[in-house]
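Q: Sharing a structure below in structure tokens format, with a few things to ask.
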Number of protein chains: 2
Amino acid sequence: MLLGSIEAGGTKFVCAIGNENYQIKDETTFLTTTPSETLQKTVDYFKKFPVDAIGIASFGPIEVRKTAPNYGFITDTPKAGWSNTDFVGFLQKSLKVPMYFTTDVNGSAYGEYVMSLLSNDDIDSLVYYTIGTGVGGGAIINGKLVGSLGHPEMGHVKLKRHPDDLAFAGVCPFHQDCLEGLVSGPTFEARLNKPGKDVPLSDPVWDIMSYYVAQAALQVTLILRPDKIVFGGGVTSEAFLQKVRRDFAKLLNNYVHVPKLEEYIVLPAIDNNGSATVGDFALAKRLLRE
Amino acid sequence: MLLGSIEAGGTKFVCAIGNENYQIKDETTFLTTTPSETLQKTVDYFKKFPVDAIGIASFGPIEVRKTAPNYGFITDTPKAGWSNTDFVGFLQKSLKVPMYFTTDVNGSAYGEYVMSLLSNDDIDSLVYYTIGTGVGGGAIINGKLVGSLGHPEMGHVKLKRHPDDLAFAGVCPFHQDCLEGLVSGPTFEARLNKPGKDVPLSDPVWDIMSYYVAQAALQVTLILRPDKIVFGGGVTSEAFLQKVRRDFAKLLNNYVHVPKLEEYIVLPAIDNNGSATVGDFALAKRLLRE
């Protein structure tokens, strides 16, 4: 069995070929330019391999409801030139194989879920957050991706403000001080006038950040009771997650049972941002089973 | 087919017999006294009817994971005398039929979900909150109740504080100003020294309440993208939900698509607190199909 993965990011596309054990057999990366040029490159790549199905994890927002007239489109995106792009339709014209279309973060969530199963970690639910330029999240419940009315947008919830951060307005153009507006990468520039990579973990801003991220973990814990919460993206690190676990424990106050926090609030198990590729392969494989 | 329902509340038990169309054929109510007396009354009632399966919606916290050694127990409850009560085990000794054991609010969620399906409202997800003496929530995703590590405790999330409510500490003994600590029935006494029923809807406290409840609706909208959010319990009313919808619209700022708010944020479709009974019948029926 040959499976395809398209990780469609706003900066670059990563296309890969894998087998049924999710081992990568070939891979290519190119810049995200115009839709027609980028999608044509994608088609040209996959024409070289007789793939049985393709999983697509795309930047968004996208339409994932099969019943929607614009299913398979990138919809109202801030990425210039890409609004209302018929992503799946373009590919289907040349590549006549089943395709599973979902968000980048759903792809990563599914990859981490599958990797847990392969590691004999017997779970049926998982939440994956990415904290980088933006903040997003995806969830698996009872083995399936969540979202009846479309994909989640977990980065835009409201939170209790940290007492030392009340003067910060937040950077989200839609909601100001939502989760994304308070903890995404650009908040370092907004709060401290320097990029996050130059802010040592001893800076108190990291305790403000961890208080908010811990609240996000608390929300999904109490709403979903998932088996695991994974945090990926450029802002996260094991040292930061230690602060998140500390704040999460204080906020939860032992109210419900959770696993050992070192095994519950974790970094991605798959290295080098590879979660979405594994997720794409697994979603493609699932399409063939259904 | 004869189905049984047990709605086990901290104040009273409601037991009912229904058919496969969820029509109630018989019903009885008695006070919740000691576990042995109350559960024996329950057994005596069901011995009179040849039910095929029973759905149980219980006050909590309870153990719903079938793999747990104390599956079927009411666990660490504040209700005097009821901690570590083997609810399902007691019934199973005398009533040898399949039983589905879940929380009161999960039962209500499932009842509202089933009623939507029966009304040709083609949904596969729903969130149900109760706002009364306490605040709880349950969710159906892809047709199934949510919760891998146990049942949700949606009432204990943190929220952005309303600017006119910063001085109020909140009444939750575990988390102070969580959702339950800010909007449950007892908050009227705590804020205004009078019961909620004596506080007219023109009082500004209702706008504070709706701001918090709208945030809860925002959380589940962005995390789960459910088809519908139902608010039951003594604190809710259609007039209050109008305020919630107003605040929800402001907070969401059109960020994701939701249905018309009058059809999305709603009171229970089943009158007289009957959601859990229908849910119990439906969960019992589902047990027989599986």
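By order in the structure tokens, chains are A, B, ...; within a chain, residues start at 1; ligands start at 1, following the order shown.
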For chain B, list the residues within 10 Å of chain A, counting only C-alpha atoms, and write the list as a PyMOL selection string.

A: chain B and resi 61+123-127+136-139+141-142+144-162+174-175+177-178+215-228+250-259

Q: Per DSSP on the backbone, filter segment 31-274 of chain A down to the residues in strand (DSSP E or B) and report them as a ChimeraX atom specification.

A: /A:31,53-58,62,73-74,85-86,99-103,126-131,135-141,144-145,158,172,176,178,229-232,265-266

Q: Dump N, CA and C atoms for the selected residues as a CSV table (one decimal), in the first residue's frame?

A:
```csv
chain,number,residue,atom,x,y,z
A,31,LEU,N,8.0,25.9,-1.7
A,31,LEU,CA,7.4,27.1,-1.1
A,31,LEU,C,6.0,27.2,-1.5
A,53,ALA,N,-4.2,6.5,-1.7
A,53,ALA,CA,-5.1,7.5,-1.1
A,53,ALA,C,-4.1,8.6,-0.5
A,54,ILE,N,-4.7,9.8,-0.3
A,54,ILE,CA,-3.9,10.9,0.2
A,54,ILE,C,-4.6,11.5,1.4
A,55,GLY,N,-3.8,11.8,2.4
A,55,GLY,CA,-4.3,12.6,3.5
A,55,GLY,C,-3.7,14.1,3.4
A,56,ILE,N,-4.6,15.0,3.6
A,56,ILE,CA,-4.2,16.5,3.4
A,56,ILE,C,-4.4,17.2,4.7
A,57,ALA,N,-3.4,17.8,5.3
A,57,ALA,CA,-3.5,18.6,6.5
A,57,ALA,C,-3.1,20.0,6.1
A,58,SER,N,-4.1,20.9,6.0
A,58,SER,CA,-4.0,22.2,5.4
A,58,SER,C,-4.1,23.4,6.4
A,62,ILE,N,-10.6,26.1,6.5
A,62,ILE,CA,-11.0,25.3,5.4
A,62,ILE,C,-12.4,24.7,5.6
A,73,PHE,N,-12.4,23.3,0.1
A,73,PHE,CA,-11.9,24.6,-0.2
A,73,PHE,C,-11.1,25.1,1.0
A,74,ILE,N,-10.0,25.9,0.7
A,74,ILE,CA,-9.5,26.9,1.7
A,74,ILE,C,-10.5,28.0,1.6
A,85,THR,N,-10.0,28.8,-2.5
A,85,THR,CA,-9.2,27.9,-3.4
A,85,THR,C,-9.8,26.5,-3.2
A,86,ASP,N,-10.2,25.9,-4.4
A,86,ASP,CA,-10.7,24.6,-4.4
A,86,ASP,C,-9.6,23.6,-4.4
A,99,MET,N,-9.2,11.1,-1.0
A,99,MET,CA,-8.5,12.1,-0.3
A,99,MET,C,-9.2,12.5,1.0
A,100,TYR,N,-8.4,12.5,2.1
A,100,TYR,CA,-9.0,13.0,3.4
A,100,TYR,C,-8.5,14.4,3.6
A,101,PHE,N,-9.4,15.3,3.8
A,101,PHE,CA,-9.0,16.8,3.9
A,101,PHE,C,-9.3,17.3,5.3
A,102,THR,N,-8.3,17.8,5.9
A,102,THR,CA,-8.5,18.3,7.3
A,102,THR,C,-7.5,19.4,7.6
A,103,THR,N,-7.6,19.9,8.8
A,103,THR,CA,-6.7,21.0,9.1
A,103,THR,C,-5.3,20.5,9.5
A,126,LEU,N,-7.5,12.3,22.4
A,126,LEU,CA,-6.3,13.1,22.5
A,126,LEU,C,-6.6,14.5,22.0
A,127,VAL,N,-6.0,15.5,22.6
A,127,VAL,CA,-6.1,16.9,22.1
A,127,VAL,C,-4.7,17.3,21.8
A,128,TYR,N,-4.6,18.0,20.6
A,128,TYR,CA,-3.3,18.6,20.2
A,128,TYR,C,-3.4,20.1,20.0
A,129,TYR,N,-2.6,20.8,20.7
A,129,TYR,CA,-2.5,22.3,20.5
A,129,TYR,C,-1.2,22.6,19.8
A,130,THR,N,-1.2,23.5,18.9
A,130,THR,CA,0.0,24.1,18.4
A,130,THR,C,0.1,25.6,18.9
A,131,ILE,N,1.2,26.0,19.4
A,131,ILE,CA,1.4,27.3,19.9
A,131,ILE,C,2.6,27.9,19.1
A,135,VAL,N,-2.4,30.1,17.3
A,135,VAL,CA,-2.7,29.0,18.3
A,135,VAL,C,-3.9,28.2,17.7
A,136,GLY,N,-3.8,26.9,17.6
A,136,GLY,CA,-4.9,26.1,17.1
A,136,GLY,C,-4.9,24.8,17.9
A,137,GLY,N,-6.0,24.1,17.7
A,137,GLY,CA,-6.1,22.8,18.4
A,137,GLY,C,-7.0,21.9,17.7
A,138,GLY,N,-6.8,20.6,17.8
A,138,GLY,CA,-7.6,19.6,17.2
A,138,GLY,C,-7.8,18.5,18.3
A,139,ALA,N,-8.9,17.7,18.1
A,139,ALA,CA,-9.2,16.7,19.1
A,139,ALA,C,-9.7,15.4,18.4
A,140,ILE,N,-9.3,14.3,19.0
A,140,ILE,CA,-9.8,12.9,18.7
A,140,ILE,C,-10.7,12.5,19.9
A,141,ILE,N,-11.9,12.1,19.6
A,141,ILE,CA,-12.8,11.6,20.7
A,141,ILE,C,-13.3,10.2,20.2
A,144,LYS,N,-12.2,9.4,16.7
A,144,LYS,CA,-12.6,10.2,15.5
A,144,LYS,C,-12.3,11.7,15.8
A,145,LEU,N,-12.0,12.4,14.7
A,145,LEU,CA,-11.8,13.8,14.8
A,145,LEU,C,-13.1,14.5,15.1
A,158,LYS,N,-11.8,32.5,25.6
A,158,LYS,CA,-11.4,33.5,26.6
A,158,LYS,C,-10.9,32.8,27.9
A,172,CYS,N,-4.8,39.4,19.2
A,172,CYS,CA,-5.7,38.8,18.2
A,172,CYS,C,-6.6,39.9,17.6
A,176,GLN,N,-8.9,40.1,20.5
A,176,GLN,CA,-7.9,40.7,21.4
A,176,GLN,C,-7.3,39.8,22.4
A,178,CYS,N,-8.0,36.7,23.5
A,178,CYS,CA,-8.3,35.3,23.6
A,178,CYS,C,-6.9,34.5,23.8
A,229,ILE,N,-3.0,15.3,26.4
A,229,ILE,CA,-2.9,16.6,25.7
A,229,ILE,C,-1.5,16.9,25.3
A,230,VAL,N,-1.4,17.1,23.9
A,230,VAL,CA,-0.1,17.3,23.3
A,230,VAL,C,0.1,18.8,23.0
A,231,PHE,N,1.2,19.4,23.3
A,231,PHE,CA,1.5,20.8,22.9
A,231,PHE,C,2.7,20.8,21.9
A,232,GLY,N,2.4,21.2,20.7
A,232,GLY,CA,3.5,21.4,19.7
A,232,GLY,C,3.6,22.9,19.4
A,265,ILE,N,0.3,15.9,29.9
A,265,ILE,CA,0.6,17.2,29.2
A,265,ILE,C,2.0,17.0,28.7
A,266,VAL,N,2.1,16.8,27.3
A,266,VAL,CA,3.3,16.4,26.8
A,266,VAL,C,3.7,17.1,25.5
```

Q: Please identify all polymer residues within 9 Å of Glu7 of chain B, counting only C-alpha atoms, omitting same-chain residues fewer than 5 positions from it, and present them as a short mmCIF file (atom, residue, chain, number, x, y, z; two decimals) with C-alpha atoms, in the first residue's frame.

A:
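Result written to part.cif:
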```cif
data_model
loop_
_atom_site.label_atom_id
_atom_site.label_comp_id
_atom_site.auth_asym_id
_atom_site.auth_seq_id
_atom_site.Cartn_x
_atom_site.Cartn_y
_atom_site.Cartn_z
CA LYS B 12 -35.17 12.43 44.84
CA PHE B 13 -35.14 9.37 42.62
CA VAL B 14 -37.42 9.24 39.58
CA CYS B 15 -37.90 5.73 38.20
CA ALA B 16 -39.83 5.16 34.99
CA GLY B 55 -30.53 3.50 31.82
CA ILE B 56 -29.28 5.26 34.93
CA ALA B 57 -28.53 8.99 35.12
CA SER B 58 -27.03 9.65 38.52
CA PHE B 59 -25.76 12.51 40.63
CA ASP B 104 -27.50 13.03 35.30
CA GLY B 107 -28.50 11.41 30.52
CA ALA B 276 -32.80 12.50 31.37
CA THR B 277 -35.70 10.01 31.31
CA ASP B 280 -32.02 6.81 29.91
#
```

Q: Between atom CA of Asn273 of chain A and atom CA of Lys93 of chain A, what is the distance, to one decimal in Å?

A: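 Here the two named atoms are 29.6 Å from each other.
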
Q: A:Ile208, A:Gly60, A:Gly132, A:Val278: which is nearest Val244 of chain A, counting only C-alpha atoms?

A: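 Of all the options, A:Ile208 lies closest to Val244 of chain A.
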
Q: Within 12 Å of Asp121 of chain B, counting only C-alpha atoms, which residues show up once you throw out same-chain ones fewer than 5 positions away? Write them as number ranges by chain, please.

A: B: 112-116, 126, 227-228, 263-264, 269

Q: Please produce a file of those selected residues containing C-alpha atoms, as a compact mmCIF listing (two decimals), in the first residue's frame.

A:
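Done, and the output landed in again23.txt:
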```
# COMPACT_ATOMS: atom_id res chain seq x y z
CA GLU B 112 -31.99 16.05 24.02
CA TYR B 113 -29.83 14.51 21.29
CA VAL B 114 -32.34 11.72 20.68
CA MET B 115 -35.24 14.18 20.70
CA SER B 116 -33.47 16.24 18.03
CA LEU B 126 -24.81 18.31 21.21
CA ASP B 227 -24.56 21.21 16.33
CA LYS B 228 -26.44 22.54 19.34
CA GLU B 263 -31.68 27.38 17.15
CA TYR B 264 -28.15 26.91 18.47
CA ALA B 269 -36.80 20.53 23.93
```
